[in-house]
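A.B. asks: This structure is in structure tokens; I'll ask about it shortly.
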Amino acid sequence: TLSRQSLITRHLAGIVKRLDTSRVVTAGCNEVNPANHLFRSDALDVLGFNYHERYFEPFLRNFPGKKLIVSESTSALMTRGYYEMPSDHIYIRPESWDKPFEAPEHVCSSYDNCHVPWGSTHEKTWHLVKTLPHVSGLFVWTGFDYLGEPTPYWWPSRSSFFGIVDLAGFPKDVYYMYKSEWTDEPVLHIFPHWNWKVGEPVDIWAYYNNADEVELYLNGKSLGVQQKTDSTYHVSWRVPFTPGTLRAVSRLGGKEVLVKEIHTAGEPARLVLTPDRSVIQADGSDLSFVTVDVCDIDGNRVPDATPLIRFFVEGPGEIAGTDNGDPNDPNSLRKPKRQAYYGKALVVIRNKGGQGDIHLKAIAEGLPEATVTIQAQ
């Protein structure tokens, strides 16, 4: 005899099948054992697991002949621009479901070494999905940070820390791990920034693809060559900080593929405005997303810069919103001003319906004003 839950599952799956005969039905389940009433209904074409990665491998033994998708996974915690070392130590926050967690700065490490107790790291979860042939795919919780559900912190945090991309649309470092795994576009991404205390040990990570190895140089001196193993998705070095330039070189068959550099930044000297599109439609709704970087005199982004930036617009445009990716910023997203967060901010420009040049001006105390022009056509 089927349970009430199983009968409801069959009823709901039947509704879906009547509305759309072309696709399979699944459900995201937190209970992943064969006694789950949704599974026992036999109405699901694909069984969905939420987290519980230790049950991925024995799935076929527990569910012979069934198919699996990871319907919710990972829940790693990251703050863009913040790094907690040693990077090979895993920080679990909160310690358990029923224990509140608090820390003064409300930040989480961007090394992929911090996650909730019911989740895991991006690399560990992706490795299971990649290597187990009976796992069809996964949905990562989450692609973007989102307002509400501020985990692992409560107020003044206003958003989650789960995203691969932050609230402002700026990629966190792990974005490049997925890019290196999921695209054929050559990737070489090294982090963190290179502004630390002299002599402080710093862990340097690199995500890469289309290469056999990465060699790291500090001020022209090689720090060695590193290669990924079958179960790792980055390479790393632990280096005492010395100001200057980090240079990473990826190679395939001994030939150079990509080169990336990170420089020690000086004091903030200017704002750099970079629109994602310099030409938008004059339709009253089209948008241009303008990234604001706080840079030193040489154009290096200053990683700890936090000036308050005010925005002004002339022409057929208006400020649709501002953001900085800070999960703890309580200010309205509609305000025409925003404090930089780890050296970055965002302002969104919207056309008001007319054609012509939209002039955006950004002003921060102690820095020259910066301008950019966006055309509405």
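Chain labels follow the order of the structure tokens: the first chain is A, the next B, and so on; residue numbering restarts at 1 in every chain, and ligands are counted from 1 in their shown order.
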Excluding Glu365 of chain A and its own-chain neighbours fewer than 2 positions away, which residues fall within 9 Å of it when counting only C-alpha atoms? Please give them as a list in words.

C.D. replies: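 My reading of the contact set: Pro307, Leu308, Ile309, Ile363, Leu367 and Pro368 of chain A.
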
A.B. asks: Using only C-alpha atoms, which residues sit within 8 Å of His106 of chain A once same-chain residues fewer than 3 positions away are excluded, as a list in words?

C.D. replies: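 In the requested form, the answer reads Glu102, Ala103, Tyr153, Ser157 and Asn328 of chain A.
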
A.B. asks: Hey, what's within 7 Å of segment 335-340 of chain A if we count only C-alpha atoms and toss same-chain stuff fewer than 5 positions away? As a PyMOL selection string, please?

C.D. replies: chain A and resi 305-311+319+321-324+345

A.B. asks: Could you write out the selected residues, including N, CA and C atoms, as a PDB file, in the first residue's frame?

C.D. replies:
ATOM      1  N   ALA A 305      40.814  48.814  -0.749  1.00  0.00           N
ATOM      2  CA  ALA A 305      40.270  50.171  -0.871  1.00  0.00           C
ATOM      3  C   ALA A 305      38.760  50.163  -0.671  1.00  0.00           C
ATOM      4  N   THR A 306      38.268  51.125   0.136  1.00  0.00           N
ATOM      5  CA  THR A 306      36.828  51.180   0.447  1.00  0.00           C
ATOM      6  C   THR A 306      36.270  52.602   0.398  1.00  0.00           C
ATOM      7  N   PRO A 307      36.669  53.449  -0.552  1.00  0.00           N
ATOM      8  CA  PRO A 307      36.128  54.812  -0.557  1.00  0.00           C
ATOM      9  C   PRO A 307      34.641  54.826  -0.897  1.00  0.00           C
ATOM     10  N   LEU A 308      33.947  55.832  -0.392  1.00  0.00           N
ATOM     11  CA  LEU A 308      32.560  56.066  -0.776  1.00  0.00           C
ATOM     12  C   LEU A 308      32.554  56.760  -2.132  1.00  0.00           C
ATOM     13  N   ILE A 309      31.853  56.181  -3.093  1.00  0.00           N
ATOM     14  CA  ILE A 309      31.833  56.695  -4.456  1.00  0.00           C
ATOM     15  C   ILE A 309      30.438  57.216  -4.767  1.00  0.00           C
ATOM     16  N   ARG A 310      30.361  58.450  -5.247  1.00  0.00           N
ATOM     17  CA  ARG A 310      29.086  59.065  -5.623  1.00  0.00           C
ATOM     18  C   ARG A 310      29.000  59.144  -7.145  1.00  0.00           C
ATOM     19  N   PHE A 311      27.809  58.886  -7.663  1.00  0.00           N
ATOM     20  CA  PHE A 311      27.613  58.813  -9.105  1.00  0.00           C
ATOM     21  C   PHE A 311      26.620  59.874  -9.577  1.00  0.00           C
ATOM     22  N   ILE A 319      20.478  56.394 -13.100  1.00  0.00           N
ATOM     23  CA  ILE A 319      21.093  55.332 -12.321  1.00  0.00           C
ATOM     24  C   ILE A 319      19.996  54.367 -11.878  1.00  0.00           C
ATOM     25  N   GLY A 321      20.691  51.442 -10.344  1.00  0.00           N
ATOM     26  CA  GLY A 321      21.091  50.822  -9.094  1.00  0.00           C
ATOM     27  C   GLY A 321      22.595  50.818  -8.931  1.00  0.00           C
ATOM     28  N   THR A 322      23.027  50.553  -7.711  1.00  0.00           N
ATOM     29  CA  THR A 322      24.452  50.413  -7.401  1.00  0.00           C
ATOM     30  C   THR A 322      24.627  49.220  -6.469  1.00  0.00           C
ATOM     31  N   ASP A 323      25.819  48.652  -6.476  1.00  0.00           N
ATOM     32  CA  ASP A 323      26.119  47.535  -5.584  1.00  0.00           C
ATOM     33  C   ASP A 323      27.634  47.406  -5.471  1.00  0.00           C
ATOM     34  N   ASN A 324      28.071  46.540  -4.571  1.00  0.00           N
ATOM     35  CA  ASN A 324      29.502  46.302  -4.394  1.00  0.00           C
ATOM     36  C   ASN A 324      29.816  44.854  -4.067  1.00  0.00           C
ATOM     37  N   ALA A 345      33.214  48.317  -7.147  1.00  0.00           N
ATOM     38  CA  ALA A 345      31.807  48.666  -6.998  1.00  0.00           C
ATOM     39  C   ALA A 345      31.156  48.568  -8.374  1.00  0.00           C
TER      40      ALA A 345
END

A.B. asks: Give me the residues within 7 Å of Tyr217 of chain A as a CSV table (one decimal) with all heavy atoms, in the first residue's frame, counting only C-alpha atoms and dropping any in the same chain fewer than 4 places off.

C.D. replies:
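File written: out-v9.csv
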chain,number,residue,atom,x,y,z
A,221,LYS,N,62.0,35.4,-10.1
A,221,LYS,CA,62.6,34.1,-9.6
A,221,LYS,C,61.5,33.0,-9.6
A,221,LYS,O,60.5,33.2,-9.0
A,221,LYS,CB,63.2,34.4,-8.2
A,221,LYS,CG,63.8,33.1,-7.6
A,221,LYS,CD,64.3,33.4,-6.2
A,221,LYS,CE,64.9,32.1,-5.6
A,221,LYS,NZ,65.4,32.3,-4.2
A,222,SER,N,61.9,31.9,-10.1
A,222,SER,CA,60.9,30.8,-10.2
A,222,SER,C,60.6,30.2,-8.8
A,222,SER,O,61.6,30.0,-8.0
A,222,SER,CB,61.4,29.7,-11.1
A,222,SER,OG,60.5,28.5,-11.1
A,223,LEU,N,59.4,30.0,-8.5
A,223,LEU,CA,59.0,29.3,-7.3
A,223,LEU,C,58.6,27.9,-7.5
A,223,LEU,O,58.1,27.2,-6.6
A,223,LEU,CB,57.8,30.1,-6.6
A,223,LEU,CG,58.1,31.6,-6.3
A,223,LEU,CD1,56.8,32.2,-5.7
A,223,LEU,CD2,59.2,31.7,-5.3
A,246,LEU,N,53.9,38.9,-9.0
A,246,LEU,CA,53.7,37.4,-9.2
A,246,LEU,C,53.4,37.2,-10.7
A,246,LEU,O,52.5,37.9,-11.2
A,246,LEU,CB,52.5,36.9,-8.4
A,246,LEU,CG,52.8,36.6,-6.9
A,246,LEU,CD1,51.4,36.2,-6.3
A,246,LEU,CD2,53.8,35.5,-6.7
A,247,ARG,N,54.1,36.3,-11.3
A,247,ARG,CA,53.9,35.9,-12.7
A,247,ARG,C,53.6,34.4,-12.8
A,247,ARG,O,54.5,33.7,-12.4
A,247,ARG,CB,55.0,36.4,-13.5
A,247,ARG,CG,54.9,36.2,-15.0
A,247,ARG,CD,56.1,36.9,-15.7
A,247,ARG,NE,56.0,36.8,-17.2
A,247,ARG,CZ,56.6,35.9,-17.9
A,247,ARG,NH1,57.4,35.0,-17.3
A,247,ARG,NH2,56.5,35.9,-19.2
A,248,ALA,N,52.5,34.1,-13.4
A,248,ALA,CA,52.2,32.7,-13.6
A,248,ALA,C,52.2,32.4,-15.1
A,248,ALA,O,51.7,33.2,-15.9
A,248,ALA,CB,50.8,32.3,-13.0

A.B. asks: So that I can see what lies close to Gln377 of chain A, please list as JSON, numbers by chain the residues with an atom at most 9 Å from it, counting only C-alpha atoms and leaving out residues fewer than 2 positions away in the same chain.

C.D. replies: {"A": [279, 280, 281, 282, 283, 354, 355, 356, 357, 375]}

A.B. asks: Output N, CA and C atoms of each residue in that selection to a file, as a PDB file, in the first residue's frame.

C.D. replies:
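Final output, out22.pdb:
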ATOM      1  N   VAL A 279      27.425  51.049 -25.947  1.00  0.00           N
ATOM      2  CA  VAL A 279      26.288  51.444 -26.784  1.00  0.00           C
ATOM      3  C   VAL A 279      25.083  50.625 -26.344  1.00  0.00           C
ATOM      4  N   ILE A 280      23.976  51.309 -25.977  1.00  0.00           N
ATOM      5  CA  ILE A 280      22.754  50.629 -25.580  1.00  0.00           C
ATOM      6  C   ILE A 280      21.594  51.165 -26.413  1.00  0.00           C
ATOM      7  N   GLN A 281      20.478  50.485 -26.337  1.00  0.00           N
ATOM      8  CA  GLN A 281      19.314  50.884 -27.115  1.00  0.00           C
ATOM      9  C   GLN A 281      18.559  52.017 -26.419  1.00  0.00           C
ATOM     10  N   ALA A 282      18.045  52.938 -27.223  1.00  0.00           N
ATOM     11  CA  ALA A 282      17.277  54.076 -26.695  1.00  0.00           C
ATOM     12  C   ALA A 282      15.808  53.679 -26.574  1.00  0.00           C
ATOM     13  N   ASP A 283      15.543  52.662 -25.737  1.00  0.00           N
ATOM     14  CA  ASP A 283      14.192  52.121 -25.625  1.00  0.00           C
ATOM     15  C   ASP A 283      13.573  52.348 -24.247  1.00  0.00           C
ATOM     16  N   GLY A 354      15.398  58.464 -24.630  1.00  0.00           N
ATOM     17  CA  GLY A 354      15.893  59.308 -25.706  1.00  0.00           C
ATOM     18  C   GLY A 354      17.244  58.843 -26.214  1.00  0.00           C
ATOM     19  N   GLN A 355      17.606  59.325 -27.391  1.00  0.00           N
ATOM     20  CA  GLN A 355      18.910  59.033 -27.973  1.00  0.00           C
ATOM     21  C   GLN A 355      19.933  60.080 -27.526  1.00  0.00           C
ATOM     22  N   GLY A 356      21.194  59.695 -27.632  1.00  0.00           N
ATOM     23  CA  GLY A 356      22.271  60.624 -27.308  1.00  0.00           C
ATOM     24  C   GLY A 356      23.284  60.024 -26.358  1.00  0.00           C
ATOM     25  N   ASP A 357      24.229  60.873 -25.930  1.00  0.00           N
ATOM     26  CA  ASP A 357      25.308  60.437 -25.047  1.00  0.00           C
ATOM     27  C   ASP A 357      24.883  60.535 -23.580  1.00  0.00           C
ATOM     28  N   GLN A 375      26.601  55.531 -25.210  1.00  0.00           N
ATOM     29  CA  GLN A 375      25.721  56.032 -26.261  1.00  0.00           C
ATOM     30  C   GLN A 375      24.395  55.287 -26.259  1.00  0.00           C
TER      31      GLN A 375
END

A.B. asks: Please identify which residues in segment 12-156 of chain A DSSP calls alpha helix (DSSP H) from the backbone, and express them as a ChimeraX atom specification.

C.D. replies: /A:12-19,37-40,59-62,122-131

A.B. asks: Hey, what's within 8 Å of Leu258 of chain A if we count only C-alpha atoms and toss same-chain stuff fewer than 2 positions away? As a list of chain:residue names, please?

C.D. replies: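 Surrounding residues, per the criterion: A:Pro186, A:Val187, A:Leu188, A:Val249, A:Ser250, A:Arg251, A:Glu256, A:Lys260.
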
A.B. asks: Would you tabulate, counting only C-alpha atoms, all residues of segment 239-352 of chain A that have an atom at most 8 Å from an atom of segment 75-95 of chain A, showing the closest pair of atoms and their distance in Å to one decimal, sorted by chain then ascending number, as JSON lines?

C.D. replies:
{"residue": "A:Pro303", "atom": "CA", "partner": "A:Gly81", "partner_atom": "CA", "distance": 7.3}
{"residue": "A:Gly325", "atom": "CA", "partner": "A:Arg80", "partner_atom": "CA", "distance": 7.6}
{"residue": "A:Asp326", "atom": "CA", "partner": "A:Thr79", "partner_atom": "CA", "distance": 7.9}
{"residue": "A:Pro327", "atom": "CA", "partner": "A:Thr79", "partner_atom": "CA", "distance": 7.9}
{"residue": "A:Tyr342", "atom": "CA", "partner": "A:Gly81", "partner_atom": "CA", "distance": 5.8}

A.B. asks: Any chance you could list, as a list of chain:residue names, the residues in segment 92-156 of chain A that come up strand (DSSP E) when DSSP is run on the backbone?

C.D. replies: A:Ile92, A:Cys114, A:His115, A:Val135, A:Ser136, A:Gly137, A:Leu138, A:Phe139, A:Val140, A:Trp141

A.B. asks: Which residues are close to Asp296 of chain A, i.e. within 9 Å by only C-alpha atoms, leaving aside same-chain residues fewer than 4 positions away? Reply as a compact mmCIF listing (two decimals) with N, CA, C and O atoms, in the first residue's frame.

C.D. replies:
# COMPACT_ATOMS: atom_id res chain seq x y z
N ALA A 265 49.88 46.50 -5.13
CA ALA A 265 49.27 47.80 -5.42
C ALA A 265 49.71 48.84 -4.40
O ALA A 265 49.95 48.53 -3.23
N GLY A 266 49.80 50.08 -4.88
CA GLY A 266 50.12 51.20 -4.01
C GLY A 266 48.85 51.83 -3.47
O GLY A 266 47.79 51.21 -3.39
N GLU A 267 48.94 53.09 -3.10
CA GLU A 267 47.79 53.80 -2.55
C GLU A 267 46.77 54.11 -3.65
O GLU A 267 47.13 54.26 -4.82
N PRO A 268 45.48 54.19 -3.28
CA PRO A 268 44.47 54.57 -4.27
C PRO A 268 44.80 55.90 -4.93
O PRO A 268 45.13 56.88 -4.25
N ALA A 269 44.73 55.93 -6.27
CA ALA A 269 45.06 57.14 -7.00
C ALA A 269 43.98 57.54 -8.00
O ALA A 269 43.89 58.71 -8.37
N ARG A 270 43.14 56.60 -8.42
CA ARG A 270 42.11 56.94 -9.41
C ARG A 270 41.03 55.87 -9.46
O ARG A 270 41.23 54.75 -8.99
N LEU A 271 39.90 56.27 -10.02
CA LEU A 271 38.80 55.35 -10.29
C LEU A 271 38.80 55.00 -11.77
O LEU A 271 39.01 55.87 -12.62
N ASN A 300 46.79 49.28 -11.03
CA ASN A 300 46.53 48.06 -10.28
C ASN A 300 45.38 48.30 -9.30
O ASN A 300 45.38 49.30 -8.58
N ARG A 301 44.43 47.38 -9.29
CA ARG A 301 43.33 47.52 -8.32
C ARG A 301 43.87 47.39 -6.91
O ARG A 301 44.66 46.50 -6.60
N VAL A 302 43.42 48.29 -6.03
CA VAL A 302 43.87 48.29 -4.63
C VAL A 302 42.91 47.39 -3.85
O VAL A 302 41.74 47.73 -3.66

A.B. asks: Nearest to Asp145 of chain A among A:Leu128, A:Leu167, A:Leu333, A:Ile190, with distances taken over only C-alpha atoms: which residue is it?

C.D. replies: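 Of the candidates, the smallest distance to Asp145 of chain A is held by A:Leu167.
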
A.B. asks: Closest to His263 of chain A among A:Trp141, A:Phe101, A:Trp196, A:Tyr233, using only C-alpha atoms?

C.D. replies: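 Closest to His263 of chain A, using only C-alpha atoms: A:Trp196.
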
A.B. asks: Interatomic distance between atom CA of Gly244 of chain A and atom CA of Ile262 of chain A?

C.D. replies: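 So the two atoms, atom CA of Gly244 of chain A and atom CA of Ile262 of chain A, lie 8.5 Å apart.
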
A.B. asks: Please compute the atom CA of Val46 of chain A-atom CA of Gly65 of chain A distance, one decimal, in Å.

C.D. replies: 10.6 Å

A.B. asks: May I ask for the distance between atom CA of Ser110 of chain A and atom CA of Val348 of chain A, given in Å to one decimal place?

C.D. replies: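 Atom CA of Val348 of chain A lies at a distance of 25.6 Å from atom CA of Ser110 of chain A.
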
A.B. asks: Return the single residue from A:Tyr175, A:Trp155, A:Trp118, A:Phe139 that is closest to Gly48 of chain A, with distances computed using only C-alpha atoms.

C.D. replies: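 Answer, going by the shortest atom-to-atom distance: A:Phe139.
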
A.B. asks: Between A:Asn219, A:Thr74, A:Thr229, A:Ser3, single out the one closest to Pro117 of chain A, counting only C-alpha atoms.

C.D. replies: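 Once distances to Pro117 of chain A are computed over only C-alpha atoms, the minimum belongs to A:Thr74.
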
A.B. asks: I need the residue nearest Gly143 of chain A from this list: A:Asp304, A:Glu72, A:Glu53, A:Glu213. Use only C-alpha atoms for the distance.

C.D. replies: A:Glu72
